[in-house]
file entry-v3.pdb (PDB, C-alpha atoms)
ATOM      1  CA  MET A   1      -3.589 -41.844 -34.779
ATOM      2  CA  GLU A   2      -3.963 -38.354 -36.153
ATOM      3  CA  GLN A   3      -2.917 -35.447 -33.947
ATOM      4  CA  PRO A   4      -5.238 -32.428 -33.678
ATOM      5  CA  HIS A   5      -3.991 -29.376 -35.539
ATOM      6  CA  GLU A   6      -5.625 -26.829 -33.287
ATOM      7  CA  LEU A   7      -4.645 -26.059 -29.756
ATOM      8  CA  THR A   8      -7.342 -24.885 -27.421
ATOM      9  CA  VAL A   9      -6.758 -22.802 -24.351
ATOM     10  CA  GLU A  10      -9.443 -22.113 -21.820
ATOM     11  CA  ALA A  11      -9.974 -18.352 -21.734
ATOM     12  CA  PRO A  12     -10.632 -16.730 -18.378
ATOM     13  CA  ARG A  13     -14.142 -15.602 -17.696
ATOM     14  CA  VAL A  14     -14.834 -11.950 -18.399
ATOM     15  CA  TRP A  15     -15.554 -11.101 -14.754
ATOM     16  CA  ASP A  16     -12.383 -12.896 -13.623
ATOM     17  CA  ARG A  17     -10.000 -10.532 -15.411
ATOM     18  CA  PRO A  18      -8.209  -7.788 -13.452
ATOM     19  CA  ALA A  19      -9.850  -5.140 -15.646
ATOM     20  CA  VAL A  20     -13.174  -6.164 -14.094
ATOM     21  CA  ALA A  21     -12.166  -7.452 -10.648
ATOM     22  CA  VAL A  22     -10.150  -4.385  -9.591
ATOM     23  CA  PRO A  23     -12.892  -1.793 -10.290
ATOM     24  CA  VAL A  24     -15.437  -4.011  -8.517
ATOM     25  CA  LEU A  25     -13.167  -4.246  -5.461
ATOM     26  CA  VAL A  26     -12.605  -0.460  -5.568
ATOM     27  CA  CYS A  27     -16.363   0.181  -5.696
ATOM     28  CA  LEU A  28     -16.993  -2.226  -2.826
ATOM     29  CA  SER A  29     -14.268  -0.552  -0.758
ATOM     30  CA  LEU A  30     -15.656   2.930  -1.447
ATOM     31  CA  VAL A  31     -19.064   1.787  -0.214
ATOM     32  CA  GLY A  32     -17.499   0.156   2.852
ATOM     33  CA  GLY A  33     -15.507   3.288   3.619
ATOM     34  CA  ARG A  34     -18.690   5.352   3.856
ATOM     35  CA  PHE A  35     -19.844   3.532   6.997
ATOM     36  CA  ALA A  36     -18.673   4.630  10.447
ATOM     37  CA  SER A  37     -16.294   2.255  12.200
ATOM     38  CA  PHE A  38     -18.017  -0.480  14.195
ATOM     39  CA  SER A  39     -21.496   0.713  13.234
ATOM     40  CA  THR A  40     -24.278  -1.761  12.589
ATOM     41  CA  GLU A  41     -24.167  -0.958   8.872
ATOM     42  CA  ALA A  42     -20.411  -1.506   8.726
ATOM     43  CA  ASN A  43     -20.675  -4.819  10.567
ATOM     44  CA  LEU A  44     -23.469  -6.055   8.299
ATOM     45  CA  TYR A  45     -21.553  -4.948   5.190
ATOM     46  CA  THR A  46     -18.412  -6.705   6.437
ATOM     47  CA  LEU A  47     -20.348  -9.900   7.134
ATOM     48  CA  GLY A  48     -22.068  -9.680   3.741
ATOM     49  CA  THR A  49     -18.948  -9.118   1.652
ATOM     50  CA  GLY A  50     -16.920 -11.579   3.695
ATOM     51  CA  GLY A  51     -19.677 -14.180   3.449
ATOM     52  CA  ALA A  52     -19.919 -13.707  -0.319
ATOM     53  CA  LEU A  53     -16.161 -14.122  -0.706
ATOM     54  CA  ILE A  54     -16.168 -17.216   1.514
ATOM     55  CA  TRP A  55     -18.986 -18.659  -0.588
ATOM     56  CA  LEU A  56     -17.024 -17.947  -3.781
ATOM     57  CA  GLY A  57     -13.938 -19.538  -2.258
ATOM     58  CA  LEU A  58     -15.713 -22.697  -1.161
ATOM     59  CA  SER A  59     -17.626 -23.141  -4.400
ATOM     60  CA  ASN A  60     -15.926 -24.001  -7.646
ATOM     61  CA  ARG A  61     -17.192 -20.891  -9.407
ATOM     62  CA  VAL A  62     -13.808 -19.126  -9.402
ATOM     63  CA  PRO A  63     -10.869 -20.630 -11.295
ATOM     64  CA  ARG A  64      -7.983 -21.463  -9.013
ATOM     65  CA  ARG A  65      -4.412 -20.327  -9.333
ATOM     66  CA  PRO A  66      -1.778 -22.884  -8.424
ATOM     67  CA  ALA A  67      -0.450 -22.566  -4.906
ATOM     68  CA  PRO A  68       3.304 -22.309  -4.472
ATOM     69  CA  TYR A  69       4.947 -25.679  -4.098
ATOM     70  CA  ARG A  70       6.949 -24.693  -1.049
ATOM     71  CA  LEU A  71       7.427 -21.505   0.906
ATOM     72  CA  GLY A  72      10.891 -20.025   1.017
ATOM     73  CA  ALA A  73      13.071 -19.850   4.091
ATOM     74  CA  GLY A  74      12.169 -16.188   4.617
ATOM     75  CA  ALA A  75       8.495 -17.005   5.172
ATOM     76  CA  ALA A  76       9.135 -17.868   8.819
ATOM     77  CA  TRP A  77      10.485 -14.371   9.422
ATOM     78  CA  TRP A  78       7.264 -12.919   8.027
ATOM     79  CA  ALA A  79       5.232 -15.137  10.326
ATOM     80  CA  LEU A  80       7.038 -13.854  13.427
ATOM     81  CA  PRO A  81       5.528 -10.318  13.401
ATOM     82  CA  VAL A  82       2.098 -11.762  12.639
ATOM     83  CA  VAL A  83       2.318 -14.081  15.647
ATOM     84  CA  VAL A  84       3.593 -11.279  17.912
ATOM     85  CA  PHE A  85       0.774  -9.007  16.710
ATOM     86  CA  GLY A  86      -1.792 -11.745  17.342
ATOM     87  CA  VAL A  87      -0.495 -12.436  20.842
ATOM     88  CA  PHE A  88      -0.501  -8.764  21.842
ATOM     89  CA  GLU A  89      -3.895  -8.082  20.283
ATOM     90  CA  GLY A  90      -5.442 -11.180  21.876
ATOM     91  CA  ALA A  91      -3.909 -10.552  25.298
ATOM     92  CA  THR A  92      -5.036  -6.935  25.464
ATOM     93  CA  PHE A  93      -8.508  -7.899  24.285
ATOM     94  CA  VAL A  94      -8.910 -10.774  26.748
ATOM     95  CA  LEU A  95      -7.466  -8.825  29.673
ATOM     96  CA  ALA A  96      -9.596  -5.763  28.781
ATOM     97  CA  ALA A  97      -6.686  -3.468  29.567
ATOM     98  CA  GLY A  98      -8.680  -0.384  28.536
ATOM     99  CA  ASP A  99      -6.993   2.954  27.866
ATOM    100  CA  ASP A 100      -3.831   2.048  29.769
ATOM    101  CA  PHE A 101      -2.835  -0.540  27.159
ATOM    102  CA  PRO A 102      -5.165  -0.271  24.145
ATOM    103  CA  THR A 103      -5.383  -2.822  21.341
ATOM    104  CA  PHE A 104      -3.887  -2.068  17.919
ATOM    105  CA  SER A 105      -7.402  -1.848  16.543
ATOM    106  CA  ARG A 106      -8.222   0.893  18.998
ATOM    107  CA  LEU A 107      -5.011   2.731  18.183
ATOM    108  CA  ALA A 108      -5.950   2.671  14.489
ATOM    109  CA  ASP A 109      -9.383   4.229  15.111
ATOM    110  CA  PRO A 110      -8.174   7.852  14.747
ATOM    111  CA  LEU A 111      -6.682   6.970  11.358
ATOM    112  CA  LEU A 112      -9.815   5.163  10.254
ATOM    113  CA  GLU A 113     -12.052   8.159  10.970
ATOM    114  CA  ASP A 114     -11.107   9.546   7.550
ATOM    115  CA  ARG A 115     -13.294   7.986   4.838
ATOM    116  CA  LEU A 116     -10.477   7.825   2.279
ATOM    117  CA  ILE A 117      -8.135   5.939   4.611
ATOM    118  CA  ARG A 118     -10.986   3.679   5.685
ATOM    119  CA  SER A 119     -11.732   2.947   2.006
ATOM    120  CA  ALA A 120      -8.044   2.176   1.403
ATOM    121  CA  ALA A 121      -8.101  -0.251   4.342
ATOM    122  CA  TRP A 122     -11.235  -1.851   2.880
ATOM    123  CA  LEU A 123      -9.483  -2.194  -0.491
ATOM    124  CA  ALA A 124      -6.487  -3.874   1.153
ATOM    125  CA  TRP A 125      -8.782  -6.271   3.045
ATOM    126  CA  LEU A 126     -10.867  -7.128  -0.014
ATOM    127  CA  SER A 127      -7.789  -7.582  -2.228
ATOM    128  CA  ALA A 128      -6.162  -9.922   0.266
ATOM    129  CA  PHE A 129      -9.412 -11.864   0.655
ATOM    130  CA  TRP A 130      -9.826 -12.084  -3.141
ATOM    131  CA  GLY A 131      -6.274 -13.446  -3.385
ATOM    132  CA  LEU A 132      -7.183 -16.140  -0.862
ATOM    133  CA  VAL A 133     -10.361 -16.972  -2.774
ATOM    134  CA  ARG A 134      -8.285 -17.514  -5.912
ATOM    135  CA  ARG A 135      -6.002 -20.075  -4.207
TER     136      ARG A 135
END

call {"tool": "encode", "arguments": {"input": "entry-v3.pdb", "output": "structure tokens"}}
result
Amino acid sequence: MEQPHELTVEAPRVWDRPAVAVPVLVCLSLVGGRFASFSTEANLYTLGTGGALIWLGLSNRVPRRPAPYRLGAGAAWWALPVVVFGVFEGATFVLAAGDDFPTFSRLADPLLEDRLIRSAAWLAWLSAFWGLVRR
């Protein structure tokens, strides 16, 4: 049997390259940063972008990157602050502690009043979500 002389490699789609994906995420975050925190426009924009990313993640339109075979031993130490944050945030939200013991989200509101910082937070959220879509 004769072996093929040419090797073929599947090239990534044009829109899937970082040179395209990063500016799109930056533009989306700049638009999201223009809305006031917890406004109707901001909530609708969050639901729209999040819904679009969920749709892309559930469909097979985006090529997948291989997931790591096994997490390292240090991954449990990274999970500990996330769990503690979740417990505190959930407890203060459920107990409606108010101004005496505000949630972390409420403490971040003064920082998020600045449009540039709010856009940076949007970029972090969209980048993390895009990384999850790619898995």

call {"tool": "atom_distance", "arguments": {"input": "entry-v3.pdb", "atom1": "CA of Leu107 in chain A", "atom2": "CA of Ala75 in chain A"}}
result
27.2 Å

call {"tool": "resolve_selection", "arguments": {"input": "entry-v3.pdb", "expression": "the PyMOL selection byres ((chain A and resi 115) around 10)", "output": "ChimeraX atom specification"}}
result
/A:30-37,111-114,116-121

call {"tool": "resolve_selection", "arguments": {"input": "entry-v3.pdb", "expression": "the PyMOL selection byres ((chain A and resi 105) around 12)", "output": "list in words"}}
result
Ser37, Phe38, Phe85, Gly86, Phe88, Glu89, Gly90, Thr92, Phe93, Phe101, Pro102, Thr103, Phe104, Arg106, Leu107, Ala108, Asp109, Pro110, Leu111 and Leu112 of chain A

call {"tool": "atom_distance", "arguments": {"input": "entry-v3.pdb", "atom1": "CA of Leu95 in chain A", "atom2": "CA of Ala76 in chain A"}}
result
28.1 Å

call {"tool": "closest_residue", "arguments": {"input": "entry-v3.pdb", "among": "A:Pro23, A:Gly74, A:Leu28, A:Ala91", "to": "Gly50 in chain A", "atoms": "all atoms listed in the file"}}
result
A:Leu28

call {"tool": "resolve_selection", "arguments": {"input": "entry-v3.pdb", "expression": "the PyMOL selection byres ((chain A and resi 53) around 12)", "output": "number ranges by chain"}}
result
A: 25, 46-52, 54-59, 61-62, 125-134

call {"tool": "atom_distance", "arguments": {"input": "entry-v3.pdb", "atom1": "CA of Val82 in chain A", "atom2": "CA of Ala124 in chain A"}}
result
16.4 Å

call {"tool": "closest_residue", "arguments": {"input": "entry-v3.pdb", "among": "A:Ala79, A:Ala67, A:Ala42, A:Ala73", "to": "Ser29 in chain A", "atoms": "all atoms listed in the file"}}
result
A:Ala42

call {"tool": "decode", "arguments": {"input": "entry-v3.pdb", "residues": "range 78-93 of chain A", "atoms": "all heavy atoms", "output": "mmCIF file, in the first residue's frame"}}
result
data_model
loop_
_atom_site.group_PDB
_atom_site.id
_atom_site.type_symbol
_atom_site.label_atom_id
_atom_site.label_comp_id
_atom_site.auth_asym_id
_atom_site.auth_seq_id
_atom_site.Cartn_x
_atom_site.Cartn_y
_atom_site.Cartn_z
ATOM 1 N N TRP A 78 -6.288 25.806 45.610
ATOM 2 C CA TRP A 78 -6.960 26.884 44.895
ATOM 3 C C TRP A 78 -8.472 26.797 45.074
ATOM 4 O O TRP A 78 -9.172 27.809 44.997
ATOM 5 C CB TRP A 78 -6.617 26.845 43.404
ATOM 6 C CG TRP A 78 -5.262 27.376 43.128
ATOM 7 C CD1 TRP A 78 -4.140 26.662 42.892
ATOM 8 C CD2 TRP A 78 -4.870 28.749 43.095
ATOM 9 N NE1 TRP A 78 -3.075 27.485 42.696
ATOM 10 C CE2 TRP A 78 -3.496 28.783 42.814
ATOM 11 C CE3 TRP A 78 -5.545 29.946 43.265
ATOM 12 C CZ2 TRP A 78 -2.789 29.971 42.704
ATOM 13 C CZ3 TRP A 78 -4.835 31.136 43.155
ATOM 14 C CH2 TRP A 78 -3.479 31.136 42.873
ATOM 15 N N ALA A 79 -8.976 25.618 45.297
ATOM 16 C CA ALA A 79 -10.412 25.450 45.490
ATOM 17 C C ALA A 79 -10.856 25.948 46.873
ATOM 18 O O ALA A 79 -12.000 26.374 47.036
ATOM 19 C CB ALA A 79 -10.811 23.988 45.316
ATOM 20 N N LEU A 80 -9.966 25.914 47.840
ATOM 21 C CA LEU A 80 -10.318 26.332 49.196
ATOM 22 C C LEU A 80 -10.785 27.791 49.263
ATOM 23 O O LEU A 80 -11.854 28.059 49.821
ATOM 24 C CB LEU A 80 -9.134 26.084 50.141
ATOM 25 C CG LEU A 80 -9.368 26.450 51.597
ATOM 26 C CD1 LEU A 80 -10.443 25.544 52.191
ATOM 27 C CD2 LEU A 80 -8.072 26.348 52.380
ATOM 28 N N PRO A 81 -10.048 28.772 48.706
ATOM 29 C CA PRO A 81 -10.576 30.144 48.763
ATOM 30 C C PRO A 81 -11.873 30.324 47.983
ATOM 31 O O PRO A 81 -12.722 31.139 48.368
ATOM 32 C CB PRO A 81 -9.464 31.004 48.154
ATOM 33 C CG PRO A 81 -8.306 30.131 47.941
ATOM 34 C CD PRO A 81 -8.721 28.720 48.144
ATOM 35 N N VAL A 82 -12.047 29.581 46.911
ATOM 36 C CA VAL A 82 -13.278 29.685 46.132
ATOM 37 C C VAL A 82 -14.457 29.194 46.962
ATOM 38 O O VAL A 82 -15.533 29.810 46.985
ATOM 39 C CB VAL A 82 -13.152 28.901 44.810
ATOM 40 C CG1 VAL A 82 -14.478 28.808 44.102
ATOM 41 C CG2 VAL A 82 -12.095 29.528 43.924
ATOM 42 N N VAL A 83 -14.281 28.099 47.666
ATOM 43 C CA VAL A 83 -15.346 27.558 48.513
ATOM 44 C C VAL A 83 -15.647 28.512 49.669
ATOM 45 O O VAL A 83 -16.817 28.783 49.980
ATOM 46 C CB VAL A 83 -14.965 26.152 49.030
ATOM 47 C CG1 VAL A 83 -15.915 25.681 50.114
ATOM 48 C CG2 VAL A 83 -14.932 25.167 47.879
ATOM 49 N N VAL A 84 -14.609 29.052 50.305
ATOM 50 C CA VAL A 84 -14.822 30.001 51.404
ATOM 51 C C VAL A 84 -15.551 31.241 50.894
ATOM 52 O O VAL A 84 -16.487 31.728 51.529
ATOM 53 C CB VAL A 84 -13.468 30.368 52.064
ATOM 54 C CG1 VAL A 84 -13.617 31.544 53.022
ATOM 55 C CG2 VAL A 84 -12.900 29.171 52.789
ATOM 56 N N PHE A 85 -15.139 31.756 49.736
ATOM 57 C CA PHE A 85 -15.817 32.909 49.145
ATOM 58 C C PHE A 85 -17.281 32.586 48.873
ATOM 59 O O PHE A 85 -18.169 33.389 49.178
ATOM 60 C CB PHE A 85 -15.118 33.315 47.840
ATOM 61 C CG PHE A 85 -15.845 34.369 47.074
ATOM 62 C CD1 PHE A 85 -15.771 35.697 47.457
ATOM 63 C CD2 PHE A 85 -16.622 34.043 45.974
ATOM 64 C CE1 PHE A 85 -16.441 36.676 46.754
ATOM 65 C CE2 PHE A 85 -17.291 35.009 45.264
ATOM 66 C CZ PHE A 85 -17.205 36.339 45.660
ATOM 67 N N GLY A 86 -17.553 31.434 48.303
ATOM 68 C CA GLY A 86 -18.929 31.041 47.999
ATOM 69 C C GLY A 86 -19.786 30.917 49.246
ATOM 70 O O GLY A 86 -20.949 31.333 49.255
ATOM 71 N N VAL A 87 -19.220 30.353 50.303
ATOM 72 C CA VAL A 87 -19.976 30.195 51.549
ATOM 73 C C VAL A 87 -20.303 31.557 52.155
ATOM 74 O O VAL A 87 -21.444 31.824 52.549
ATOM 75 C CB VAL A 87 -19.198 29.301 52.539
ATOM 76 C CG1 VAL A 87 -19.782 29.382 53.939
ATOM 77 C CG2 VAL A 87 -19.176 27.867 52.052
ATOM 78 N N PHE A 88 -19.305 32.440 52.226
ATOM 79 C CA PHE A 88 -19.556 33.767 52.793
ATOM 80 C C PHE A 88 -20.537 34.568 51.942
ATOM 81 O O PHE A 88 -21.445 35.213 52.469
ATOM 82 C CB PHE A 88 -18.255 34.555 52.938
ATOM 83 C CG PHE A 88 -17.487 34.194 54.181
ATOM 84 C CD1 PHE A 88 -16.174 33.779 54.095
ATOM 85 C CD2 PHE A 88 -18.070 34.276 55.426
ATOM 86 C CE1 PHE A 88 -15.464 33.452 55.219
ATOM 87 C CE2 PHE A 88 -17.371 33.947 56.577
ATOM 88 C CZ PHE A 88 -16.061 33.529 56.471
ATOM 89 N N GLU A 89 -20.355 34.538 50.640
ATOM 90 C CA GLU A 89 -21.237 35.295 49.750
ATOM 91 C C GLU A 89 -22.669 34.759 49.844
ATOM 92 O O GLU A 89 -23.629 35.524 49.933
ATOM 93 C CB GLU A 89 -20.722 35.202 48.309
ATOM 94 C CG GLU A 89 -21.442 36.050 47.331
ATOM 95 C CD GLU A 89 -21.061 37.514 47.368
ATOM 96 O OE1 GLU A 89 -20.118 37.893 48.073
ATOM 97 O OE2 GLU A 89 -21.741 38.291 46.688
ATOM 98 N N GLY A 90 -22.818 33.444 49.822
ATOM 99 C CA GLY A 90 -24.151 32.844 49.914
ATOM 100 C C GLY A 90 -24.815 33.096 51.255
ATOM 101 O O GLY A 90 -26.012 33.400 51.320
ATOM 102 N N ALA A 91 -24.047 32.982 52.341
ATOM 103 C CA ALA A 91 -24.622 33.192 53.671
ATOM 104 C C ALA A 91 -25.072 34.629 53.864
ATOM 105 O O ALA A 91 -26.159 34.880 54.395
ATOM 106 C CB ALA A 91 -23.609 32.808 54.744
ATOM 107 N N THR A 92 -24.247 35.584 53.447
ATOM 108 C CA THR A 92 -24.656 36.984 53.611
ATOM 109 C C THR A 92 -25.815 37.346 52.700
ATOM 110 O O THR A 92 -26.637 38.185 53.057
ATOM 111 C CB THR A 92 -23.471 37.938 53.352
ATOM 112 O OG1 THR A 92 -22.923 37.657 52.075
ATOM 113 C CG2 THR A 92 -22.411 37.787 54.409
ATOM 114 N N PHE A 93 -25.914 36.707 51.555
ATOM 115 C CA PHE A 93 -27.039 36.976 50.662
ATOM 116 C C PHE A 93 -28.329 36.378 51.221
ATOM 117 O O PHE A 93 -29.378 37.025 51.236
ATOM 118 C CB PHE A 93 -26.758 36.415 49.266
ATOM 119 C CG PHE A 93 -27.857 36.660 48.292
ATOM 120 C CD1 PHE A 93 -28.073 37.922 47.765
ATOM 121 C CD2 PHE A 93 -28.701 35.631 47.908
ATOM 122 C CE1 PHE A 93 -29.100 38.151 46.865
ATOM 123 C CE2 PHE A 93 -29.728 35.851 47.010
ATOM 124 C CZ PHE A 93 -29.926 37.117 46.492
#
